[in-house]
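Let me begin by presenting the structure, written as structure tokens, before commenting on it.
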Amino acid sequence: MTAFTPGAFGAPSPVAFDDLLDCIHASNFDRPTLVVSRARVAEQYDALAAGLGRARIHYAVKANPAPQIIRTLVEKGSRFDAASRGEIELCLSQGAKGCDISFGNTVKRPSDIAFAHAAGVTLFAADSEAEVDKIAANAPGAQVYLRVIVENSNADWPLSRKFGCAHTALPELLNYARDAGVNVVGLSFHVGSQTRQAAFWTPVLDAISRLWHAARAAGHDLSVLNLGGGFPAQYDTAVEGATSYAAAVMRAVSERFGDVPYIMAEPGRGLVAEAGHIAAEVMLVSRKSADDLHRWVFLDIGMFSGLAETMGEAVRYAITTLRDGEEAGPCVLAGPSCDSADILYEHRPVMLPLSLTHGDKVIIRNCGAYTSSYSSVGFNGFPPLAVVVI
Ligand SMILES: *Cc1c(COP(=O)(O)O)cnc(C)c1O
């Protein structure tokens with residue numbers, strides 16, 4: 001899509017040509033729509049790769065599975081981290097090779113492991129004896145990395161408790177896998193999604209490197225270190241640039257792990273969030289009573305149609321309107337569905353223009369990650385988030 005009139009939406013960014021805003025401004029979407037830019041994904045890939053140096057990017061497909069994004073990343077030379085047979089098939093359909101895909105979910109169906117193995121996938125994750133057994137039975141000869149729990153996450157969206165084996169259980173799991181004839185090549189972890197500062201990685205890397213060196217000392221020939229994701233995106237607060245953030249993480253990794261033959265990073269959010277904005281619409285502005293201090297602003301998109309990460313107000317999206325610059329006041333922001341959980345921001349209200357009214361367009365910024373992939377099929381009859389890739 002080209003040749004849009006420059007956007008009238010007050011873009012805070014200094015860029016002369018803004019592909020996303022120009023597309024949103026020129027279009028009249030009839031439903032909430034995520035507009036994602038392939039050029040921005042490609043740019044962010046380069047920025048992360050520059051900081052990551054010799055570590056290879058395995059894009060975490062769940063962040064945004066739009067086929068055009070996968071294709072763009074295949075063309076950039078990215079590898080992929082898939083969590084299911086569906087994600088593996090998607091990557092293959094867009095030109096990725098099986099050997100460039102890791103099957104990173106620690107909870108896999110045996111038939112899906114066999115499918116992946118037959119498709120040429122060689123790298124699998126496990127965090128339990130039963131999963132090691134499944135891999136041994138269904139992907140003989142595969143390389144396996146063991147995921148360990150991150151207990152001291154400083155992330156806005158921690159992934160800590162559900163995945164990984166306890167640090168104390170790792171030595172036994174390593175031995176179990178070796179005895180089962182599984183080729184354990186390394187360790188993986190995830191610092192937690194949206195880890196806003198590179199410095200937050202330090203205590204995690206300290207803990208994981210102790211496990212790494214102990215495992216090597218016990219005779220396990222580890223050569224693959226999987227750093228997972230966690231690379232942050234800019235929402236309502238500024239974060240360090242992708243290149244310097246990734247470079248700082250890699251310096252901290254090198255100091256603690258030395259020369260590891262294969263280091264992989266699995267950015268999801270940090271690669272695609274800033275490449276997309278959602279165009280949405282105000283459905284109602286109301287007050288619960290004449291002396292209610294907060295207006296309620298209901299949008300045509302909510303918790304179930306793409307904005308699931310507002311759960312617990314964990315991710316604070318920046319929202320712009322055509323009326324920005326006019327006098328503003330605090331609002332409770334809510335989605336359109338008949339579910340009282342569908343409130344986006346209430347504990348920390350959002351400042352929006354007082355003149356905002358139904359029918360007004362709003363832009364929710366930097367929404368390229370975990371929106372379309374989290375959208376329900378159509379809860380309450382509201383359409384799932386539409387996606388336009390430019
Ligand atoms: C979700 C996920 C990622 C991506 O995390 P981000 O914080 O979005 O970068 C990476 N690795 C694994 C195993 C994941 O489950």
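Chains: A, B, ... in order of the structure tokens. Residues: from 1 per chain. Ligands: from 1, in order shown.
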**Q.** helix (DSSP H, G or I) positions in segment 99-164 of chain A, given as a PyMOL selection string
**A.** chain A and resi 99-100+110-118+129-138
Q. Within 9 Å of Ala63 of chain A, counting only C-alpha atoms, which residues qualify if same-chain residues fewer than 2 places away don't, as a list in words?
A. Tyr59, Ala60, Val61, Pro65, Pro267, Gly268, Arg269, Leu271, Val272, Ala273, Gly368, Ala369, Tyr370, Thr371, Ser372, Ser373 and Tyr374 of chain A
Q.
Could you check the closest approach to ligand 1 for each of A:Leu211, A:Ala275, A:Ala82, A:Ala386 and tell me which residue wins, using only C-alpha atoms and all ligand atoms?
A. A:Ala82
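The residue that comes closest to ligand 1, out of A:Ala238, A:Leu21, A:Ala246, A:Ala180 and on the basis of only C-alpha atoms and all ligand atoms, is A:Ala246.
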Please give me, as a short mmCIF file (atom, residue, chain, number, x, y, z; two decimals) with N, CA and C atoms, in the first residue's frame, the residues lying within 9 Å of ligand 1 when counting only C-alpha atoms and all ligand atoms.
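New file part-v1.cif:
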```
data_model
loop_
_atom_site.label_atom_id
_atom_site.label_comp_id
_atom_site.auth_asym_id
_atom_site.auth_seq_id
_atom_site.Cartn_x
_atom_site.Cartn_y
_atom_site.Cartn_z
N HIS A 58 15.87 -16.66 16.75
CA HIS A 58 14.77 -17.59 16.46
C HIS A 58 13.49 -16.83 16.83
N TYR A 59 12.81 -16.28 15.87
CA TYR A 59 11.62 -15.46 16.16
C TYR A 59 10.54 -16.31 16.84
N ALA A 60 10.03 -15.82 17.98
CA ALA A 60 8.95 -16.52 18.69
C ALA A 60 7.64 -16.26 17.95
N VAL A 61 7.21 -17.25 17.20
CA VAL A 61 6.11 -17.09 16.25
C VAL A 61 4.82 -16.62 16.92
N LYS A 62 4.60 -17.01 18.17
CA LYS A 62 3.32 -16.69 18.80
C LYS A 62 3.08 -15.20 18.94
N ALA A 63 4.15 -14.39 18.93
CA ALA A 63 3.97 -12.95 19.11
C ALA A 63 3.13 -12.35 17.99
N ASP A 81 11.22 -20.00 16.49
CA ASP A 81 10.86 -20.84 17.61
C ASP A 81 9.36 -21.07 17.55
N ALA A 82 8.98 -22.33 17.39
CA ALA A 82 7.57 -22.68 17.25
C ALA A 82 7.11 -23.44 18.48
N ALA A 83 5.83 -23.31 18.80
CA ALA A 83 5.29 -23.93 20.01
C ALA A 83 4.33 -25.07 19.70
N PHE A 103 11.58 -26.40 18.26
CA PHE A 103 10.26 -26.73 18.82
C PHE A 103 10.38 -26.45 20.32
N GLY A 104 10.05 -25.22 20.71
CA GLY A 104 10.43 -24.73 22.03
C GLY A 104 9.43 -24.92 23.14
N ASN A 105 8.25 -25.43 22.82
CA ASN A 105 7.28 -25.67 23.89
C ASN A 105 7.72 -26.89 24.69
N THR A 106 7.61 -26.80 26.00
CA THR A 106 7.99 -27.95 26.83
C THR A 106 6.80 -28.90 27.03
N ALA A 125 12.75 -28.64 22.99
CA ALA A 125 12.85 -28.25 24.40
C ALA A 125 12.17 -29.28 25.29
N ARG A 147 14.94 -26.64 29.69
CA ARG A 147 14.55 -25.30 30.16
C ARG A 147 14.53 -25.28 31.68
N ALA A 155 10.23 -8.92 35.05
CA ALA A 155 9.51 -8.56 33.83
C ALA A 155 8.12 -8.02 34.14
N TRP A 157 5.63 -8.93 32.33
CA TRP A 157 4.75 -10.06 31.96
C TRP A 157 5.55 -11.33 32.19
N PRO A 158 5.73 -11.75 33.47
CA PRO A 158 6.64 -12.86 33.78
C PRO A 158 6.12 -14.19 33.21
N LEU A 159 7.03 -15.04 32.83
CA LEU A 159 6.64 -16.36 32.31
C LEU A 159 7.25 -17.43 33.20
N PHE A 163 6.96 -22.73 33.34
CA PHE A 163 7.91 -23.46 32.50
C PHE A 163 9.27 -23.60 33.17
N SER A 188 18.01 -23.67 28.32
CA SER A 188 17.25 -22.49 27.92
C SER A 188 16.55 -21.91 29.14
N PHE A 189 16.16 -20.65 29.01
CA PHE A 189 15.40 -19.98 30.06
C PHE A 189 14.68 -18.80 29.39
N HIS A 190 13.82 -18.15 30.14
CA HIS A 190 13.16 -16.94 29.65
C HIS A 190 13.12 -15.96 30.81
N VAL A 191 13.71 -14.79 30.63
CA VAL A 191 13.77 -13.81 31.74
C VAL A 191 12.41 -13.23 32.07
N GLY A 192 11.43 -13.48 31.21
CA GLY A 192 10.10 -12.88 31.38
C GLY A 192 9.91 -11.83 30.31
N SER A 193 8.68 -11.77 29.81
CA SER A 193 8.44 -10.87 28.69
C SER A 193 8.38 -9.42 29.16
N GLN A 194 8.80 -8.52 28.27
CA GLN A 194 8.88 -7.08 28.59
C GLN A 194 9.75 -6.87 29.84
N THR A 195 10.98 -7.33 29.74
CA THR A 195 11.99 -7.03 30.76
C THR A 195 12.61 -5.70 30.35
N ASN A 226 20.21 -21.05 25.02
CA ASN A 226 19.00 -20.39 24.49
C ASN A 226 18.55 -19.32 25.48
N LEU A 227 18.70 -18.06 25.06
CA LEU A 227 18.40 -16.93 25.96
C LEU A 227 16.92 -16.60 26.04
N GLY A 228 16.09 -17.25 25.20
CA GLY A 228 14.66 -16.94 25.22
C GLY A 228 14.37 -15.53 24.72
N GLY A 229 13.24 -14.98 25.18
CA GLY A 229 12.85 -13.63 24.75
C GLY A 229 13.05 -12.64 25.88
N GLY A 230 12.11 -11.68 25.99
CA GLY A 230 12.20 -10.69 27.05
C GLY A 230 12.57 -9.31 26.55
N PHE A 231 13.04 -9.22 25.30
CA PHE A 231 13.44 -7.93 24.73
C PHE A 231 12.22 -7.01 24.68
N PRO A 232 12.35 -5.81 25.22
CA PRO A 232 11.15 -5.00 25.46
C PRO A 232 10.72 -4.16 24.26
N ALA A 265 18.63 -16.47 20.54
CA ALA A 265 17.72 -15.56 21.22
C ALA A 265 16.37 -15.68 20.53
N GLU A 266 15.31 -15.58 21.31
CA GLU A 266 13.97 -15.80 20.76
C GLU A 266 13.07 -14.59 20.94
N PRO A 267 13.44 -13.44 20.38
CA PRO A 267 12.58 -12.27 20.55
C PRO A 267 11.23 -12.47 19.88
N GLY A 268 10.19 -12.05 20.58
CA GLY A 268 8.85 -12.01 20.00
C GLY A 268 8.42 -10.56 20.02
N ARG A 269 8.02 -10.12 21.22
CA ARG A 269 7.58 -8.74 21.41
C ARG A 269 8.59 -7.71 20.88
N GLY A 270 9.86 -7.91 21.25
CA GLY A 270 10.88 -6.92 20.90
C GLY A 270 11.12 -6.81 19.40
N LEU A 271 10.63 -7.80 18.67
CA LEU A 271 10.83 -7.78 17.21
C LEU A 271 9.62 -7.20 16.48
N VAL A 272 8.41 -7.43 16.98
CA VAL A 272 7.23 -7.03 16.18
C VAL A 272 6.30 -6.01 16.83
N ALA A 273 6.43 -5.78 18.15
CA ALA A 273 5.44 -4.90 18.80
C ALA A 273 5.42 -3.51 18.16
N ALA A 369 2.62 -7.05 18.75
CA ALA A 369 2.85 -8.34 19.42
C ALA A 369 1.71 -8.69 20.35
N TYR A 370 1.34 -9.96 20.36
CA TYR A 370 0.38 -10.51 21.32
C TYR A 370 -0.97 -9.78 21.29
#
```
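A straight line drawn from atom CA of Tyr262 of chain A to atom CA of His213 of chain A is 15.7 Å long.
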Q: Write out as a PyMOL selection string all residues of segment 226-328 of chain A that backbone DSSP assigns to strand (DSSP E or B).
A: chain A and resi 226+262-265+276-286+295-299+319-321+324+326+328
Would you mind exporting the chosen residues as an mmCIF file, in the first residue's frame, restricted to C-alpha atoms?
```
data_model
loop_
_atom_site.group_PDB
_atom_site.id
_atom_site.type_symbol
_atom_site.label_atom_id
_atom_site.label_comp_id
_atom_site.auth_asym_id
_atom_site.auth_seq_id
_atom_site.Cartn_x
_atom_site.Cartn_y
_atom_site.Cartn_z
ATOM 1 C CA ASN A 226 19.005 -20.391 24.492
ATOM 2 C CA TYR A 262 25.642 -21.680 19.566
ATOM 3 C CA ILE A 263 23.704 -18.927 21.302
ATOM 4 C CA MET A 264 20.116 -18.368 20.308
ATOM 5 C CA ALA A 265 17.717 -15.561 21.222
ATOM 6 C CA GLY A 276 2.112 -2.273 14.332
ATOM 7 C CA HIS A 277 -0.664 0.011 15.537
ATOM 8 C CA ILE A 278 -4.325 -0.808 16.077
ATOM 9 C CA ALA A 279 -6.963 1.466 14.589
ATOM 10 C CA ALA A 280 -10.047 1.378 16.821
ATOM 11 C CA GLU A 281 -13.121 3.445 17.495
ATOM 12 C CA VAL A 282 -14.856 4.970 20.504
ATOM 13 C CA MET A 283 -18.293 3.363 20.988
ATOM 14 C CA LEU A 284 -19.472 5.332 24.017
ATOM 15 C CA VAL A 285 -18.318 7.995 26.453
ATOM 16 C CA SER A 286 -20.404 8.120 29.639
ATOM 17 C CA ARG A 295 -15.577 9.286 32.309
ATOM 18 C CA TRP A 296 -15.940 5.762 31.023
ATOM 19 C CA VAL A 297 -14.641 5.367 27.480
ATOM 20 C CA PHE A 298 -15.774 2.201 25.738
ATOM 21 C CA LEU A 299 -13.808 1.138 22.665
ATOM 22 C CA ILE A 319 -3.262 5.796 22.847
ATOM 23 C CA THR A 320 -3.582 8.743 20.494
ATOM 24 C CA THR A 321 -6.656 10.447 19.026
ATOM 25 C CA ASP A 324 -4.822 15.277 21.059
ATOM 26 C CA GLU A 326 -7.151 19.642 23.453
ATOM 27 C CA ALA A 328 -7.717 16.106 28.603
#
```
Q) Gly381 of chain A: which residues within 12 Å, counting only C-alpha atoms, same-chain residues fewer than 2 positions away excluded, as a VMD selection string? A) chain A and resid 300 to 301 304 to 305 336 to 338 376 to 379 383 to 384
Q.
When you look at Leu146 of chain A with a cut-off of 9 Å (counting only C-alpha atoms), what residues show up, excluding the ones that are within fewer than 4 positions of it in the same chain? I need them as a list of chain:residue names.
A. A:Thr106, A:Phe124, A:Ala125, A:Ala126, A:Asp127, A:Ser128, A:Gly164, A:Cys165, A:Leu170, A:Leu173, A:Leu174, A:Val184, A:Val185, A:Gly186, A:Leu187, A:Ser188, A:Phe189
Those selected residues, please, written with N, CA, C and O atoms and delivered as a short mmCIF file (atom, residue, chain, number, x, y, z; two decimals), in the first residue's frame.
```cif
data_model
loop_
_atom_site.label_atom_id
_atom_site.label_comp_id
_atom_site.auth_asym_id
_atom_site.auth_seq_id
_atom_site.Cartn_x
_atom_site.Cartn_y
_atom_site.Cartn_z
N THR A 106 7.61 -26.80 26.00
CA THR A 106 7.99 -27.95 26.83
C THR A 106 6.80 -28.90 27.03
O THR A 106 6.90 -29.87 27.77
N PHE A 124 14.77 -29.48 20.11
CA PHE A 124 13.53 -29.59 20.90
C PHE A 124 13.79 -29.18 22.35
O PHE A 124 14.87 -29.40 22.88
N ALA A 125 12.75 -28.64 22.99
CA ALA A 125 12.85 -28.25 24.40
C ALA A 125 12.17 -29.28 25.29
O ALA A 125 11.20 -29.92 24.89
N ALA A 126 12.69 -29.41 26.52
CA ALA A 126 12.03 -30.26 27.52
C ALA A 126 12.34 -29.70 28.90
O ALA A 126 13.38 -29.04 29.08
N ASP A 127 11.44 -29.94 29.85
CA ASP A 127 11.74 -29.53 31.22
C ASP A 127 11.32 -30.61 32.23
O ASP A 127 11.23 -30.35 33.42
N SER A 128 11.06 -31.84 31.70
CA SER A 128 10.60 -32.90 32.59
C SER A 128 11.01 -34.26 32.02
O SER A 128 11.31 -34.38 30.83
N GLY A 164 9.87 -24.73 32.91
CA GLY A 164 11.22 -24.95 33.37
C GLY A 164 11.26 -25.88 34.56
O GLY A 164 10.30 -25.99 35.32
N CYS A 165 12.40 -26.57 34.70
CA CYS A 165 12.57 -27.41 35.88
C CYS A 165 13.27 -26.58 36.95
O CYS A 165 13.95 -25.60 36.66
N LEU A 170 17.73 -29.94 38.10
CA LEU A 170 18.41 -30.02 36.81
C LEU A 170 19.47 -31.13 36.73
O LEU A 170 19.49 -31.88 35.74
N LEU A 173 17.80 -34.35 36.02
CA LEU A 173 17.14 -34.39 34.71
C LEU A 173 18.19 -34.57 33.60
O LEU A 173 17.97 -35.29 32.63
N LEU A 174 19.33 -33.92 33.77
CA LEU A 174 20.43 -34.08 32.80
C LEU A 174 20.86 -35.55 32.74
O LEU A 174 21.04 -36.12 31.65
N VAL A 184 21.39 -34.23 24.95
CA VAL A 184 21.16 -32.92 25.56
C VAL A 184 22.30 -31.99 25.17
O VAL A 184 23.45 -32.24 25.49
N VAL A 185 21.96 -30.92 24.46
CA VAL A 185 23.00 -30.03 23.95
C VAL A 185 23.09 -28.72 24.71
O VAL A 185 24.06 -27.97 24.55
N GLY A 186 22.07 -28.39 25.51
CA GLY A 186 22.17 -27.08 26.16
C GLY A 186 21.04 -26.79 27.12
O GLY A 186 20.26 -27.67 27.49
N LEU A 187 20.99 -25.53 27.51
CA LEU A 187 19.98 -25.05 28.45
C LEU A 187 19.24 -23.86 27.85
O LEU A 187 19.77 -23.15 26.99
N SER A 188 18.01 -23.67 28.32
CA SER A 188 17.25 -22.49 27.92
C SER A 188 16.55 -21.91 29.14
O SER A 188 16.38 -22.58 30.17
N PHE A 189 16.16 -20.65 29.01
CA PHE A 189 15.40 -19.98 30.06
C PHE A 189 14.68 -18.80 29.39
O PHE A 189 14.88 -18.52 28.22
#
```
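Closest to Ala314 of chain A among A:Ala198, A:His347, A:Asn138, A:Lys361 is A:His347, based on only C-alpha atoms.
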Spatial neighbours of Arg348 of chain A, max dist 9 Å, only C-alpha atoms, sep filter under 6 positions, as a compact mmCIF listing (two decimals) with all heavy atoms, in the first residue's frame:
```
# COMPACT_ATOMS: atom_id res chain seq x y z
N GLU A 313 -3.57 -4.72 34.07
CA GLU A 313 -2.96 -3.46 33.60
C GLU A 313 -1.45 -3.61 33.40
O GLU A 313 -0.67 -2.68 33.60
CB GLU A 313 -3.34 -2.28 34.52
CG GLU A 313 -4.84 -2.22 34.73
CD GLU A 313 -5.37 -0.91 35.33
OE1 GLU A 313 -4.63 0.07 35.39
OE2 GLU A 313 -6.57 -0.91 35.70
N PRO A 330 -9.02 12.33 33.08
CA PRO A 330 -8.86 10.89 33.31
C PRO A 330 -10.10 10.08 32.90
O PRO A 330 -11.23 10.53 33.10
CB PRO A 330 -8.64 10.81 34.82
CG PRO A 330 -9.29 12.04 35.38
CD PRO A 330 -9.18 13.10 34.33
N VAL A 332 -11.74 5.88 32.65
CA VAL A 332 -11.64 4.42 32.72
C VAL A 332 -11.83 3.94 31.28
O VAL A 332 -12.75 4.38 30.61
CB VAL A 332 -12.74 3.83 33.63
CG1 VAL A 332 -12.69 2.31 33.58
CG2 VAL A 332 -12.59 4.34 35.05
```
Q.
Residues within 10 Å of Leu90 of chain A, please, as a count of residues only. Count only C-alpha atoms; anything in the same chain fewer than 2 positions from it doesn't count.
A. 17
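Coordinates place atom CA of Leu307 of chain A at a distance of 12.0 Å from atom CA of Ala341 of chain A.
Counting only C-alpha atoms, the residue from A:Val389, A:Arg56, A:His294, A:Leu322 that sits nearest to Val350 of chain A is A:His294.
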Q: Would you mind telling me which residue in A:Val36, A:Ala218, A:Val204, A:Ala166 lies nearest to Ile24 of chain A when using only C-alpha atoms?
A: A:Val36
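Using only C-alpha atoms, the nearest neighbour of Thr357 of chain A within the list A:Pro171, A:Arg323, A:Asp100, A:Ala55 is A:Arg323.
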